$ cat query11.pdb   # PDB, C-alpha atoms
ATOM      1  CA  MET T  15      -2.020   8.087 -20.266
ATOM      2  CA  ASP T  16      -3.329   9.039 -16.830
ATOM      3  CA  PRO T  17      -0.426   9.706 -14.406
ATOM      4  CA  ARG T  18      -2.370   7.978 -11.623
ATOM      5  CA  GLN T  19      -1.674   4.649 -13.295
ATOM      6  CA  SER T  20       2.026   4.756 -12.412
ATOM      7  CA  SER T  21       2.183   7.021  -9.342
ATOM      8  CA  HIS T  22       1.218   6.489  -5.710
ATOM      9  CA  VAL T  23      -2.212   8.090  -5.288
ATOM     10  CA  LYS T  24      -2.969   9.518  -1.839
ATOM     11  CA  LEU T  25      -6.197   7.877  -0.715
ATOM     12  CA  PHE T  26      -8.255   7.441   2.440
ATOM     13  CA  ALA T  27      -9.252   3.969   3.608
ATOM     14  CA  SER T  28     -12.831   4.849   2.693
ATOM     15  CA  ASP T  29     -11.634   5.478  -0.887
ATOM     16  CA  VAL T  30      -9.762   2.178  -0.964
ATOM     17  CA  VAL T  31     -12.741   0.084   0.146
ATOM     18  CA  SER T  32     -14.944   1.850  -2.411
ATOM     19  CA  LEU T  33     -12.631   1.175  -5.375
ATOM     20  CA  THR T  34     -14.334  -0.466  -8.312
ATOM     21  CA  VAL T  35     -12.734  -3.782  -9.217
ATOM     22  CA  LYS T  36     -12.843  -5.088 -12.768
ATOM     23  CA  GLN T  37     -11.435  -8.541 -13.322
ATOM     24  CA  HIS T  38     -11.086 -10.420 -16.562
ATOM     25  CA  PRO T  39     -10.526 -14.188 -16.343
ATOM     26  CA  SER T  40      -7.067 -14.123 -17.945
ATOM     27  CA  GLU T  41      -5.801 -10.864 -16.413
ATOM     28  CA  ALA T  42      -4.979  -9.375 -13.031
ATOM     29  CA  PRO T  43      -7.751  -7.216 -11.565
ATOM     30  CA  SER T  44      -7.890  -3.487 -12.301
ATOM     31  CA  PHE T  45      -8.933  -0.908  -9.706
ATOM     32  CA  PHE T  46     -10.794   2.310 -10.429
ATOM     33  CA  HIS T  47     -11.316   5.432  -8.315
ATOM     34  CA  ASP T  48     -13.972   7.744  -9.755
ATOM     35  CA  GLY T  49     -13.677   5.956 -13.088
ATOM     36  CA  ARG T  50      -9.898   6.328 -13.317
ATOM     37  CA  LEU T  51      -7.421   3.469 -13.136
ATOM     38  CA  VAL T  52      -5.365   3.344  -9.903
ATOM     39  CA  SER T  53      -2.697   0.741  -9.177
ATOM     40  CA  LYS T  54      -0.579   2.207  -6.356
ATOM     41  CA  LEU T  55      -1.441   4.164  -3.244
ATOM     42  CA  GLU T  56       0.018   6.087  -0.344
ATOM     43  CA  THR T  57      -1.733   6.508   2.971
ATOM     44  CA  VAL T  58      -1.066   7.338   6.619
ATOM     45  CA  GLY T  59      -2.634   5.568   9.577
ATOM     46  CA  VAL T  60      -2.200   3.837  12.900
ATOM     47  CA  VAL T  61      -1.256   0.149  13.001
ATOM     48  CA  VAL T  62      -4.202  -1.578  14.721
ATOM     49  CA  SER T  63      -3.321  -5.201  14.002
ATOM     50  CA  HIS T  64      -0.289  -7.183  12.917
ATOM     51  CA  GLU T  65       0.604 -10.831  12.449
ATOM     52  CA  ARG T  66       4.093 -11.928  11.462
ATOM     53  CA  LYS T  67       4.711 -15.225   9.715
ATOM     54  CA  GLU T  68       7.893 -16.646   8.258
ATOM     55  CA  ARG T  69       7.204 -15.359   4.732
ATOM     56  CA  PHE T  70       5.148 -12.217   5.333
ATOM     57  CA  LEU T  71       3.826  -9.640   7.766
ATOM     58  CA  LYS T  72       0.094  -8.933   7.631
ATOM     59  CA  PHE T  73      -1.067  -5.732   9.291
ATOM     60  CA  VAL T  74      -3.992  -3.328   9.261
ATOM     61  CA  ILE T  75      -3.807   0.435   9.384
ATOM     62  CA  ASP T  76      -6.643   2.744  10.420
ATOM     63  CA  ASP T  77      -6.699   6.297   9.070
ATOM     64  CA  GLY T  78      -9.906   7.402  10.774
ATOM     65  CA  SER T  79     -12.092   6.720   7.741
ATOM     66  CA  GLY T  80     -11.651   2.945   7.818
ATOM     67  CA  CYS T  81      -9.077   0.183   7.850
ATOM     68  CA  ILE T  82      -6.749  -1.051   5.124
ATOM     69  CA  PRO T  83      -5.335  -4.604   5.141
ATOM     70  CA  CYS T  84      -1.657  -4.639   4.185
ATOM     71  CA  ILE T  85       0.924  -7.318   3.479
ATOM     72  CA  LEU T  86       4.684  -6.989   3.500
ATOM     73  CA  TRP T  87       6.465  -9.922   1.882
ATOM     74  CA  LEU T  88       9.616 -11.171   3.621
ATOM     75  CA  ASN T  89      10.573 -14.159   1.423
ATOM     76  CA  HIS T  90      12.510 -12.303  -1.265
ATOM     77  CA  LEU T  91      15.518 -14.621  -0.983
ATOM     78  CA  GLN T  92      13.431 -17.692  -1.888
ATOM     79  CA  SER T  93      11.050 -16.053  -4.354
ATOM     80  CA  PRO T  94      11.345 -17.014  -8.041
ATOM     81  CA  TYR T  95       9.930 -13.558  -8.827
ATOM     82  CA  PHE T  96      13.395 -12.098  -8.164
ATOM     83  CA  ALA T  97      15.254 -14.535 -10.440
ATOM     84  CA  TRP T  98      16.072 -11.622 -12.753
ATOM     85  CA  ALA T  99      17.930  -9.720  -9.993
ATOM     86  CA  SER T 100      21.499 -10.203  -8.892
ATOM     87  CA  PRO T 101      21.963 -11.996  -5.544
ATOM     88  CA  SER T 102      23.243  -8.774  -3.929
ATOM     89  CA  ASP T 103      20.125  -6.883  -5.106
ATOM     90  CA  VAL T 104      17.844  -9.586  -3.707
ATOM     91  CA  GLU T 105      19.713  -9.501  -0.395
ATOM     92  CA  LEU T 106      19.308  -5.711  -0.261
ATOM     93  CA  ILE T 107      15.573  -5.958  -0.988
ATOM     94  CA  ALA T 108      15.162  -8.666   1.667
ATOM     95  CA  ALA T 109      17.074  -6.583   4.218
ATOM     96  CA  MET T 110      14.883  -3.548   3.503
ATOM     97  CA  ALA T 111      11.721  -5.647   3.919
ATOM     98  CA  ALA T 112      12.987  -7.046   7.224
ATOM     99  CA  ASP T 113      13.815  -3.509   8.377
ATOM    100  CA  HIS T 114      10.315  -2.324   7.403
ATOM    101  CA  ALA T 115       8.769  -5.274   9.250
ATOM    102  CA  SER T 116      10.698  -4.473  12.427
ATOM    103  CA  MET T 117       9.247  -0.931  12.442
ATOM    104  CA  ILE T 118       5.610  -2.037  12.299
ATOM    105  CA  GLN T 119       4.207  -2.263  15.815
ATOM    106  CA  LEU T 120       0.751  -1.756  17.301
ATOM    107  CA  GLY T 121      -0.236   1.844  17.890
ATOM    108  CA  ILE T 122       2.390   3.579  15.783
ATOM    109  CA  LEU T 123       1.615   6.029  13.011
ATOM    110  CA  VAL T 124       2.993   4.890   9.643
ATOM    111  CA  ARG T 125       3.031   6.122   6.077
ATOM    112  CA  ILE T 126       2.859   3.259   3.618
ATOM    113  CA  ARG T 127       3.185   3.000  -0.123
ATOM    114  CA  GLY T 128       2.290  -0.016  -2.142
ATOM    115  CA  LYS T 129       0.408  -1.757  -4.890
ATOM    116  CA  ILE T 130      -3.307  -2.422  -4.630
ATOM    117  CA  SER T 131      -4.195  -6.084  -4.993
ATOM    118  CA  PHE T 132      -7.088  -8.454  -4.546
ATOM    119  CA  TYR T 133      -6.774 -11.623  -2.470
ATOM    120  CA  ARG T 134      -9.606 -13.906  -1.377
ATOM    121  CA  ASP T 135     -12.249 -11.359  -2.379
ATOM    122  CA  THR T 136     -10.600  -8.626  -0.276
ATOM    123  CA  LEU T 137      -8.655  -5.564  -1.307
ATOM    124  CA  GLN T 138      -5.212  -5.297   0.243
ATOM    125  CA  VAL T 139      -2.040  -3.312  -0.253
ATOM    126  CA  ILE T 140       1.221  -5.074  -1.065
ATOM    127  CA  VAL T 141       3.541  -2.743   0.810
ATOM    128  CA  SER T 142       6.773  -1.563  -0.785
ATOM    129  CA  ASP T 143       7.692   1.276   1.620
ATOM    130  CA  VAL T 144       7.047   1.959   5.305
ATOM    131  CA  LEU T 145       7.921   5.131   7.162
ATOM    132  CA  VAL T 146       7.232   5.626  10.861
ATOM    133  CA  GLU T 147       5.813   9.127  11.249
ATOM    134  CA  ARG T 148       7.244  10.979  14.212
ATOM    135  CA  ASP T 149       5.347  14.206  13.502
ATOM    136  CA  PRO T 150       1.975  14.089  15.310
ATOM    137  CA  ASN T 151       0.536  16.286  12.547
ATOM    138  CA  ALA T 152       1.443  13.854   9.733
ATOM    139  CA  GLU T 153      -1.963  12.209   9.628
ATOM    140  CA  THR T 154      -3.834  15.523   9.527
ATOM    141  CA  LEU T 155      -1.480  16.866   6.859
ATOM    142  CA  HIS T 156      -2.037  13.695   4.826
ATOM    143  CA  TRP T 157      -5.813  14.202   5.113
ATOM    144  CA  LEU T 158      -5.529  17.816   3.908
ATOM    145  CA  ASP T 159      -3.204  16.841   1.076
ATOM    146  CA  SER T 160      -5.513  13.987   0.020
ATOM    147  CA  ILE T 161      -8.549  16.285  -0.013
ATOM    148  CA  ARG T 162      -6.672  18.938  -2.031
ATOM    149  CA  LEU T 163      -5.458  16.356  -4.548
ATOM    150  CA  ALA T 164      -8.929  14.805  -4.838
ATOM    151  CA  ARG T 165     -10.457  18.199  -5.630
ATOM    152  CA  ASN T 166      -7.756  19.533  -7.923
ATOM    153  CA  CYS T 167      -6.192  16.488  -9.577
ATOM    154  CA  TYR T 168      -8.037  13.223  -9.137
ATOM    155  CA  ASN T 169     -11.591  14.329  -9.916
ATOM    156  CA  GLY T 170     -12.426  15.671 -13.304
ATOM    157  CA  SER T 171      -8.954  16.323 -14.740
TER     158      SER T 171
END

$ encode --input "query11.pdb" --output "structure tokens"
Amino acid sequence: MDPRQSSHVKLFASDVVSLTVKQHPSEAPSFFHDGRLVSKLETVGVVVSHERKERFLKFVIDDGSGCIPCILWLNHLQSPYFAWASPSDVELIAAMAADHASMIQLGILVRIRGKISFYRDTLQVIVSDVLVERDPNAETLHWLDSIRLARNCYNGS
């Protein structure tokens, strides 16, 4: 099993928009980077757009190679998806999502992690983690790390 299937792969926006999507009628879409299955990603970029609704926060981050549409769900307390969890766990998840949403503002540098999805013929990231980067070198270090990983881990091994 390829470890990229279950880990957050560091990708550029240009890599995300060039993912190959394979969708079977009865299954969720699968995403491939250089022929290898990828389901989760991590990236760093500047928030260039955001729109908050009652149930979600849509935002776009720009990493210099392109833009990535992201969505952060805020309706955990009403979602049947969390029926398996205890009420205290759901409240904790909802509080974390609200905290993440409050951090996302135009012009800030953020590191996001999430699951790659497909909605209305567009790739997007369903965000699970947001970190505001205070180090001005974070984006450059992410670029260098992504290039190193692409050469040594993601391609050909």

$ atom_distance --input "query11.pdb" --atom1 "atom CA of Val124 of chain T" --atom2 "atom CA of Asp143 of chain T"
10.0 Å

$ residues_around --input "query11.pdb" --residues "Asp77 of chain T" --least-positions-apart "4" --cutoff "7 Å" --atoms "all atoms listed in the file" --output "number ranges by chain"
T: 26-27, 58-60, 81

$ write_last_selection --input "query11.pdb" --atoms "C-alpha atoms" --output "PDB file, in the coordinates of the input"
ATOM      1  CA  PHE T  26      -8.255   7.441   2.440  1.00  0.00           C
ATOM      2  CA  ALA T  27      -9.252   3.969   3.608  1.00  0.00           C
ATOM      3  CA  VAL T  58      -1.066   7.338   6.619  1.00  0.00           C
ATOM      4  CA  GLY T  59      -2.634   5.568   9.577  1.00  0.00           C
ATOM      5  CA  VAL T  60      -2.200   3.837  12.900  1.00  0.00           C
ATOM      6  CA  CYS T  81      -9.077   0.183   7.850  1.00  0.00           C
TER       7      CYS T  81
END

$ resolve_selection --input "query11.pdb" --expression "the PyMOL selection byres ((chain T and resi 110) around 12)" --output "PyMOL selection string"
chain T and resi 86-91+103-109+111-117+141-145

$ resolve_selection --input "query11.pdb" --expression "the PyMOL selection byres ((chain T and resi 156) around 10)" --output "list of chain:residue names"
T:Lys24, T:Leu25, T:Phe26, T:Glu56, T:Thr57, T:Val58, T:Gly59, T:Asp77, T:Arg125, T:Asn151, T:Ala152, T:Glu153, T:Thr154, T:Leu155, T:Trp157, T:Leu158, T:Asp159, T:Ser160, T:Ile161, T:Arg162

$ resolve_selection --input "query11.pdb" --expression "the PyMOL selection byres ((chain T and resi 120) around 8)" --output "list in words"
Val60, Val61, Val62, Ser63, His64, Ile118, Gln119, Gly121 and Ile122 of chain T

$ closest_residue --input "query11.pdb" --among "T:Val146, T:Val52, T:Ala164, T:Val74" --to "Lys129 of chain T" --atoms "all atoms listed in the file"
T:Val52

$ atom_distance --input "query11.pdb" --atom1 "atom CA of Ile130 of chain T" --atom2 "atom CA of Arg50 of chain T"
14.0 Å

$ decode --input "query11.pdb" --residues "segment 37-56 of chain T" --atoms "N, CA and C atoms" --output "mmCIF file, in the first residue's frame"
data_model
loop_
_atom_site.group_PDB
_atom_site.id
_atom_site.type_symbol
_atom_site.label_atom_id
_atom_site.label_comp_id
_atom_site.auth_asym_id
_atom_site.auth_seq_id
_atom_site.Cartn_x
_atom_site.Cartn_y
_atom_site.Cartn_z
ATOM 1 N N GLN T 37 -13.504 8.664 -11.825
ATOM 2 C CA GLN T 37 -14.755 8.521 -11.091
ATOM 3 C C GLN T 37 -15.573 7.395 -11.686
ATOM 4 N N HIS T 38 -15.962 6.480 -10.803
ATOM 5 C CA HIS T 38 -16.854 5.401 -11.187
ATOM 6 C C HIS T 38 -18.251 5.789 -10.716
ATOM 7 N N PRO T 39 -19.278 5.405 -11.450
ATOM 8 C CA PRO T 39 -20.644 5.844 -11.117
ATOM 9 C C PRO T 39 -21.076 5.560 -9.678
ATOM 10 N N SER T 40 -20.665 4.434 -9.121
ATOM 11 C CA SER T 40 -21.144 4.066 -7.781
ATOM 12 C C SER T 40 -20.147 4.391 -6.668
ATOM 13 N N GLU T 41 -19.033 5.048 -7.002
ATOM 14 C CA GLU T 41 -17.999 5.308 -6.008
ATOM 15 C C GLU T 41 -17.625 6.787 -5.980
ATOM 16 N N ALA T 42 -16.982 7.177 -4.896
ATOM 17 C CA ALA T 42 -16.436 8.536 -4.796
ATOM 18 C C ALA T 42 -15.252 8.650 -5.758
ATOM 19 N N PRO T 43 -14.955 9.848 -6.243
ATOM 20 C CA PRO T 43 -13.838 9.994 -7.167
ATOM 21 C C PRO T 43 -12.496 9.702 -6.494
ATOM 22 N N SER T 44 -11.547 9.252 -7.307
ATOM 23 C CA SER T 44 -10.176 9.017 -6.857
ATOM 24 C C SER T 44 -9.275 10.022 -7.560
ATOM 25 N N PHE T 45 -8.224 10.459 -6.863
ATOM 26 C CA PHE T 45 -7.328 11.482 -7.394
ATOM 27 C C PHE T 45 -5.917 10.915 -7.474
ATOM 28 N N PHE T 46 -5.259 11.196 -8.610
ATOM 29 C CA PHE T 46 -3.937 10.641 -8.854
ATOM 30 C C PHE T 46 -2.941 11.742 -9.187
ATOM 31 N N HIS T 47 -1.768 11.660 -8.560
ATOM 32 C CA HIS T 47 -0.652 12.564 -8.833
ATOM 33 C C HIS T 47 0.481 11.698 -9.353
ATOM 34 N N ASP T 48 0.879 11.920 -10.587
ATOM 35 C CA ASP T 48 1.907 11.110 -11.242
ATOM 36 C C ASP T 48 1.592 9.616 -11.160
ATOM 37 N N GLY T 49 0.313 9.282 -11.353
ATOM 38 C CA GLY T 49 -0.100 7.894 -11.385
ATOM 39 C C GLY T 49 -0.310 7.254 -10.029
ATOM 40 N N ARG T 50 -0.097 7.998 -8.950
ATOM 41 C CA ARG T 50 -0.258 7.447 -7.611
ATOM 42 C C ARG T 50 -1.458 8.068 -6.914
ATOM 43 N N LEU T 51 -2.209 7.245 -6.210
ATOM 44 C CA LEU T 51 -3.409 7.693 -5.526
ATOM 45 C C LEU T 51 -3.062 8.666 -4.399
ATOM 46 N N VAL T 52 -3.783 9.803 -4.358
ATOM 47 C CA VAL T 52 -3.618 10.817 -3.315
ATOM 48 C C VAL T 52 -5.014 11.176 -2.821
ATOM 49 N N SER T 53 -5.196 11.214 -1.496
ATOM 50 C CA SER T 53 -6.510 11.579 -0.974
ATOM 51 C C SER T 53 -6.461 12.801 -0.059
ATOM 52 N N LYS T 54 -5.314 13.057 0.562
ATOM 53 C CA LYS T 54 -5.178 14.182 1.484
ATOM 54 C C LYS T 54 -3.982 15.029 1.089
ATOM 55 N N LEU T 55 -4.065 16.332 1.413
ATOM 56 C CA LEU T 55 -2.939 17.195 1.075
ATOM 57 C C LEU T 55 -2.663 18.204 2.168
ATOM 58 N N GLU T 56 -1.473 18.759 2.101
ATOM 59 C CA GLU T 56 -1.061 19.880 2.945
ATOM 60 C C GLU T 56 -0.448 20.918 2.029
#
